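One structure is given here, and the rest of the page talks about it.
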Amino acid sequence: PEVDGGRLHRAYHAGAGAITAYHNRAAVALKDIPAGMELFAAYGEDIEKGSAAASATIFDLSEKLGKSDSELDADLYEVIVQHLKQQSNRSMPTLPDNVDDAKELYASSKMSPNDLAAQSTRSMEWLERNGMCVDNIVEGLSTLPEAGRGAFTTRAIRKGQVIAPAPVAHIHRKNLELYYQDETETIDLMGHHAAKLLLWDEKSSLLLFPYSPVVNLINHKGESPNAYIRWSSSHTFHSTDWFGKSVDAILNETKPGLMMEVVASRAIDPGEEVFVNYGSEWQSSWERHSKSWKVISGDDVQYASAAAINARDNGPVSAVSETEDGSYPDNVETFCYAGVVDWDEVNDGDAISWTEPSDRNWQVKDRPVLCDVMSSKEDKFSVIVYTDDEENDKEVKIENMPRNAITYVDAVYSKDQYLKGTFRHEIRVPDGMFPKVWLDLDKGEDYGDSCQLYVAESSIPNSGLGMYSLKEIKENDEVFFPEIVVQQQDHDWHNRERYYWFHKRGRKESMHPKKERSWLMHMYFWEPRNTLGLYDGEDETQSIVPGLGMLANSHTGLVSALMTRPQVNSAGLHRSIDPGAGAFSAYHKYTYLATRHIQAGMELFVEYGDDWFEDRQKKLGVIPLSYDFEDADNILKHFFEFVDGIPSDKNLTQSAWEMVYEYLVENKKMETVLPKDMKEAREKVLEKGTAMASVPDVIRSAEWLEENGLCLDNIREGRSTVKQAGRGAFATRAIEKEAVIAPAPLVHFQRKHLHMYSYHEDTDHNDYAGEQVLLNYCYSHPNSSLVFFPYSPVVNFINHDGKSPNAFIRWSSLPNHHSEWLDLTAEELIAEYHAGLILEVVALRPIAQGEEIFIDYGRGWQEAWDEHVRSWKPVEGAKEYVSASELNEARAPFLTVEEQEENPYPENVVLTCYVRGNIRKKQETEPGPFGDAYEWRNLHKILYYHDNAYPCEILSRDEMYSGHAGNIRPEDVTYTARVYLDETEEDEGTIVHSIPPRAIEFNDNPDTKDVFLRNVFRHPIDLPEDIFPENWRDLPDGIEKYDNTMPEKTPNNGDGEVGKCTGPGGVCEQCQGDCDNAGECSEGLVCYQRSANEEVPFCYGVALFDRDYCSLPLEGTSPAASVGGAASVMAATVVAIGVAVMFA
């Protein structure tokens, strides 16, 4: 073929790389072809040899069987053919299925060449009656500047005439994905093959590739196309029964069976270019690409392909020594046709003379090999060729090579089609062309009319609600909707600070934070190692994952859904221009994958981990762990195999069973799972396994779920139509007026748990800093200390519309909703230490599929937002801010410490490396340029858990393949880094080499994300007045007076220690001493008597050893008292370094 970009250049055209560079692939007649004769292509020697062997077998069988008509001979033939078809040879499936067809084939094999030609030739009348014309269009340069090549008519076409048939090959869209595997066996998705030539429907994983002549060159016009596509009316070539087959069934078909037609929508003149409408999605995608397209590398302007160099350099060839000055670009490599060489007879380092092959088409049939041109003399060249063969890896010098045996080839992944950011989009078939059974991709655009995901009572007794899938889910497929993750930063630290400051202000709390149980979310949070949240806090972050992360139960033997890593971004909002920045969590698209085949109707279980159940044995009782179920299944399997293999002896088998049963009950906790009767155990447990037997109702019927559950898949996440809202919830199907859109089970707690404080090291005091972002996802009331967090799938994406909402909320009628709690006081409700309230989101009017869902957040919320927008201004340095997620998405090479001296990374990010934490114990070092170093190893899930990410700095970038600027193939590069495994000031770092790029990422430093800005919006969603009980309104003066900004902490007085007494007459003020009794303290304070380093409540800083201090009284302590003994003192941690250092 010819190879060029169709006038498109990567430096000037957005369409470069969107088309294949290979074209004008011509076929040459090997013999005279009579008019009307069928054309046969050479498939290649390997296939032809296999076909000849198969034909010989069949011909031999046919000759022997042709003399007999017995049924036995016919059966014998079919048995032999079935065996042959099971072999790997590609030609075998074409063998005749029955003996009669084989006899006919045998008879044709005995024909003379003339007879065979006659049989393969059709008359013009027959072809016009039974065939379709395929030469109405021909290739040419398109009239569209960015399209490259196009299809032009060879003759006049009338309106409604078929321009070209388009038989299509069926493939799965995953077959277009381009992956790259580096030296560490790390695999990453880098892009997609060109998709312009494929027909598709966005709701289907099925792609159709048309393969008749020239049809793939037909271009797009959205406004005035002169052609359209339709299914063919030819039943000879088009299998309409495939319209009833599933995508999987079609993909299993070994031969094409579908045909489309390109039809003229108006009369078309000879030589006119043919256009169809690719669809509005294609048009919009191209417009976005054109606007955002830019030259990736400065070298692109000088880019020249191998084809261009071959065309212009048909004469001189530069030797290796001459190309060192850059006369040829690094995207091309020199290849040579070695001529006639018997590589088995040539040794490494030999020198031979070039011999021209006898076949005049040697440049077409021979394969060139990599070479270096060393010198030239009178149009003859001396080269070194590299065979690069695992069995024959040789360097051979070849003299007297002619110029036409030397060519230039594009380096791997250097062509335009492999550029990053090239245009990729399939051709959209008209609506309705794909039958509904092919629409297997549930993107939320079309989930069908019936619900597929339910919440109902769990199959595990006394475990509350559970989630059930009514659709079958294959292993490794996504389990319904991605979710949001809300990070609760340093909850315990903030909670302690809140406790101390409430006391300082004279407010009383019921108990110390370490003892109170009112933070119900503690029962639901995930470790931040699972959610990329480790660097969100200085102390301990709690990750809150609604949907599967909170609503699904766990079963140690039936885990079916595994968390993956979330995406982290701000949904297009930036702190420099958007008041909504920081008002929502940046963590989203938190996807679960099926770890097993999930049957329709089965309850979904996530993995809490065996440790979680072991730590709660006192509360939950003894529960079989994952390995208990596995061991029990293996023991049962081997036991019954043993029983079935010995002579029947009831006494022996019963005795053996009793021993096995006793062992499984005592050692594998199977008492509630295994029946005592051996026969019953075989029938009920052996086949389905002990885990399935432990929950008999784990699979529910559709009727049971419809009657006892509520639908969870009516909404899915998407980018909100309200810009400042970030993401929103959209209907997956049409929803009727007053229908329940989604249930919303609630976790209840007090708003005080969302308070945040900041510590000022320079003045040694803390102040109130605002509230956690979790507040924005909670429901509340302005006169209540209670807040309620909904945790069913996607409901936290529902946004506000105060003028025309399409939904509202109400209390649920589900039996799991504790309606009696509505009569409790706020204090009594907090004492209920488990979830039990359920809201419902209900449609106010009919809602169309794909429409965004809105509720009214309330007047208080609206007024707070309006005031926030009016008063908002960006924080200092906002314009220059770059987040860690933006740096990670850039996929740029990581800079070394030396390179960062001139181009430092932003101060708000930290570079982290995923390394095994015990590498120093498990591996030996080896010498390196930076000292003794450990080799990085890709261990199981090392890139999965965030606690394997340690702060690091890059020492060197070790390139093995430099790559080509802007291409999808990454540089084949590893890094040597100093990794700080101990994360202490004394840690001098551990050298680790061979770290792949995928094991390195940026993380935001604590407190630097948008959600931690001081100017972010915080306000709960207001529950309507008519559904919020009066008895929950425990703050009659409003939340504002209860929840106002905390006063500053008392600073230190004196020179670096907690102050000496400076009050009138030497009286000791707050945190001053020495005192002997309360009479020496200011009014309202008590004297804390200390015998050593005891802590003093509400005092911070340095305290002298054995000095007594005045401070606020604890609850139950009279201000007139003197408090003695360490047991009575509850405050901040004391660290003794010569003197006692006290801080929160």
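Letters for chains follow the order of the structure tokens (A, B, ...), residue numbers begin at 1 for each chain, and ligand numbers begin at 1 in the order shown.
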| message | Give me the residues near Thr556 of chain A as a PyMOL selection string, where near means some atom within 9 Å (using only C-alpha atoms) and where sequence neighbours in that chain fewer than 4 positions away do not count. | response | chain A and resi 605-610+613+623-627+629+691
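Every protein or nucleic acid residue with an atom no more than 12 Å from Pro927 of chain A, counting only C-alpha atoms and leaving out same-chain residues fewer than 6 positions away, appears here: Ala933, Tyr934, Glu935, Ile991, Val992 and His993 of chain A.
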| message | At a cut-off of 9 Å, using only C-alpha atoms, what residues contact segment 126-142 of chain A? Leave out same-chain residues fewer than 3 positions from it and give the result as a PyMOL selection string. | response | chain A and resi 6-7+23-24+36+122-123+145-157+162-165+212-215+217+219+236+271+273-274
Report the closest atom pair, with its distance in Å rounded to one decimal, for each residue of segment 210-321 of chain A that has an atom no farther than 7 Å from segment 402-422 of chain A; count only C-alpha atoms, sort by chain and then rising residue number, and write it as JSON lines.
{"residue": "A:Ser305", "atom": "CA", "partner": "A:Asp410", "partner_atom": "CA", "distance": 6.5}
{"residue": "A:Ala306", "atom": "CA", "partner": "A:Val409", "partner_atom": "CA", "distance": 5.2}
{"residue": "A:Asn310", "atom": "CA", "partner": "A:Tyr408", "partner_atom": "CA", "distance": 6.2}
Next, dump the selected residues to file, keeping only all heavy atoms, as a CSV table (one decimal), in the first residue's frame.
chain,number,residue,atom,x,y,z
A,305,SER,N,7.5,11.7,8.2
A,305,SER,CA,7.3,10.2,8.3
A,305,SER,C,8.3,9.5,7.5
A,305,SER,O,9.0,10.1,6.6
A,305,SER,CB,5.9,9.8,7.9
A,305,SER,OG,5.7,10.1,6.5
A,306,ALA,N,8.4,8.2,7.7
A,306,ALA,CA,9.3,7.3,6.9
A,306,ALA,C,8.9,7.4,5.5
A,306,ALA,O,9.8,7.4,4.6
A,306,ALA,CB,9.3,5.9,7.5
A,310,ASN,N,11.3,8.3,2.4
A,310,ASN,CA,11.6,7.4,1.3
A,310,ASN,C,11.3,8.0,0.0
A,310,ASN,O,12.0,7.8,-1.0
A,310,ASN,CB,10.7,6.1,1.5
A,310,ASN,CG,11.2,5.2,2.6
A,310,ASN,OD1,12.5,5.1,2.8
A,310,ASN,ND2,10.3,4.5,3.3
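In this comparison, which uses only C-alpha atoms, the residue of A:Lys723, A:His946, A:His1019, A:Arg10 approaching Ser780 of chain A most closely is A:His1019.
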If we count only C-alpha atoms, what is near Ile830 of chain A at a cut-off of 8 Å, once residues fewer than 3 positions away on the same chain are taken out, given as a compact mmCIF listing (two decimals) with all heavy atoms, in the first residue's frame?
# COMPACT_ATOMS: atom_id res chain seq x y z
N SER A 518 -21.99 8.75 70.56
CA SER A 518 -22.94 9.46 69.71
C SER A 518 -22.47 9.62 68.27
O SER A 518 -23.22 10.05 67.41
CB SER A 518 -23.26 10.84 70.31
OG SER A 518 -22.06 11.59 70.45
N HIS A 748 -27.80 8.94 61.97
CA HIS A 748 -28.04 10.16 62.75
C HIS A 748 -26.89 10.39 63.73
O HIS A 748 -26.34 9.46 64.30
CB HIS A 748 -29.36 10.07 63.50
CG HIS A 748 -29.47 8.87 64.40
ND1 HIS A 748 -29.89 7.63 63.93
CD2 HIS A 748 -29.21 8.69 65.72
CE1 HIS A 748 -29.87 6.76 64.92
NE2 HIS A 748 -29.46 7.37 66.02
N PHE A 749 -26.55 11.66 63.93
CA PHE A 749 -25.53 12.05 64.91
C PHE A 749 -25.68 13.54 65.17
O PHE A 749 -26.54 14.21 64.58
CB PHE A 749 -24.11 11.70 64.42
CG PHE A 749 -23.78 12.22 63.05
CD1 PHE A 749 -23.19 13.47 62.88
CD2 PHE A 749 -24.04 11.46 61.91
CE1 PHE A 749 -22.88 13.96 61.62
CE2 PHE A 749 -23.73 11.94 60.65
CZ PHE A 749 -23.15 13.19 60.50
N GLN A 750 -24.85 14.06 66.07
CA GLN A 750 -24.94 15.48 66.41
C GLN A 750 -23.99 16.31 65.55
O GLN A 750 -22.89 15.88 65.23
CB GLN A 750 -24.62 15.68 67.90
CG GLN A 750 -25.70 15.12 68.81
CD GLN A 750 -25.36 15.32 70.26
OE1 GLN A 750 -24.35 14.84 70.73
NE2 GLN A 750 -26.23 16.05 70.98
N ALA A 826 -34.37 14.53 71.05
CA ALA A 826 -33.07 14.51 70.37
C ALA A 826 -32.07 13.68 71.17
O ALA A 826 -31.29 12.89 70.60
CB ALA A 826 -32.56 15.93 70.17
N GLU A 827 -32.10 13.82 72.50
CA GLU A 827 -31.17 13.07 73.34
C GLU A 827 -31.45 11.58 73.28
O GLU A 827 -30.53 10.76 73.23
CB GLU A 827 -31.25 13.58 74.78
CG GLU A 827 -30.22 12.97 75.70
CD GLU A 827 -30.26 13.57 77.09
OE1 GLU A 827 -31.06 14.52 77.31
OE2 GLU A 827 -29.49 13.11 77.96
N TYR A 833 -28.09 3.62 69.15
CA TYR A 833 -26.78 3.55 68.48
C TYR A 833 -26.81 2.59 67.29
O TYR A 833 -26.01 1.68 67.19
CB TYR A 833 -25.72 3.13 69.49
CG TYR A 833 -24.32 3.51 69.07
CD1 TYR A 833 -24.00 4.85 68.81
CD2 TYR A 833 -23.33 2.56 68.93
CE1 TYR A 833 -22.71 5.21 68.42
CE2 TYR A 833 -22.04 2.91 68.54
CZ TYR A 833 -21.74 4.23 68.29
OH TYR A 833 -20.48 4.59 67.89
| request: Can you pull out every residue within 10 Å of segment 710-718 of chain A, counting only C-alpha atoms, but drop anything in the same chain fewer than 4 positions away, and send it as a ChimeraX atom specification? | output: /A:443-445,447,449-456,467-469,480-484,547,588-589,705-706,726-735,740-744,792-798,814,840,849-853
| Any idea what the distance is between atom CA of Asp1022 of chain A and atom CA of Val787 of chain A? | 9.7 Å
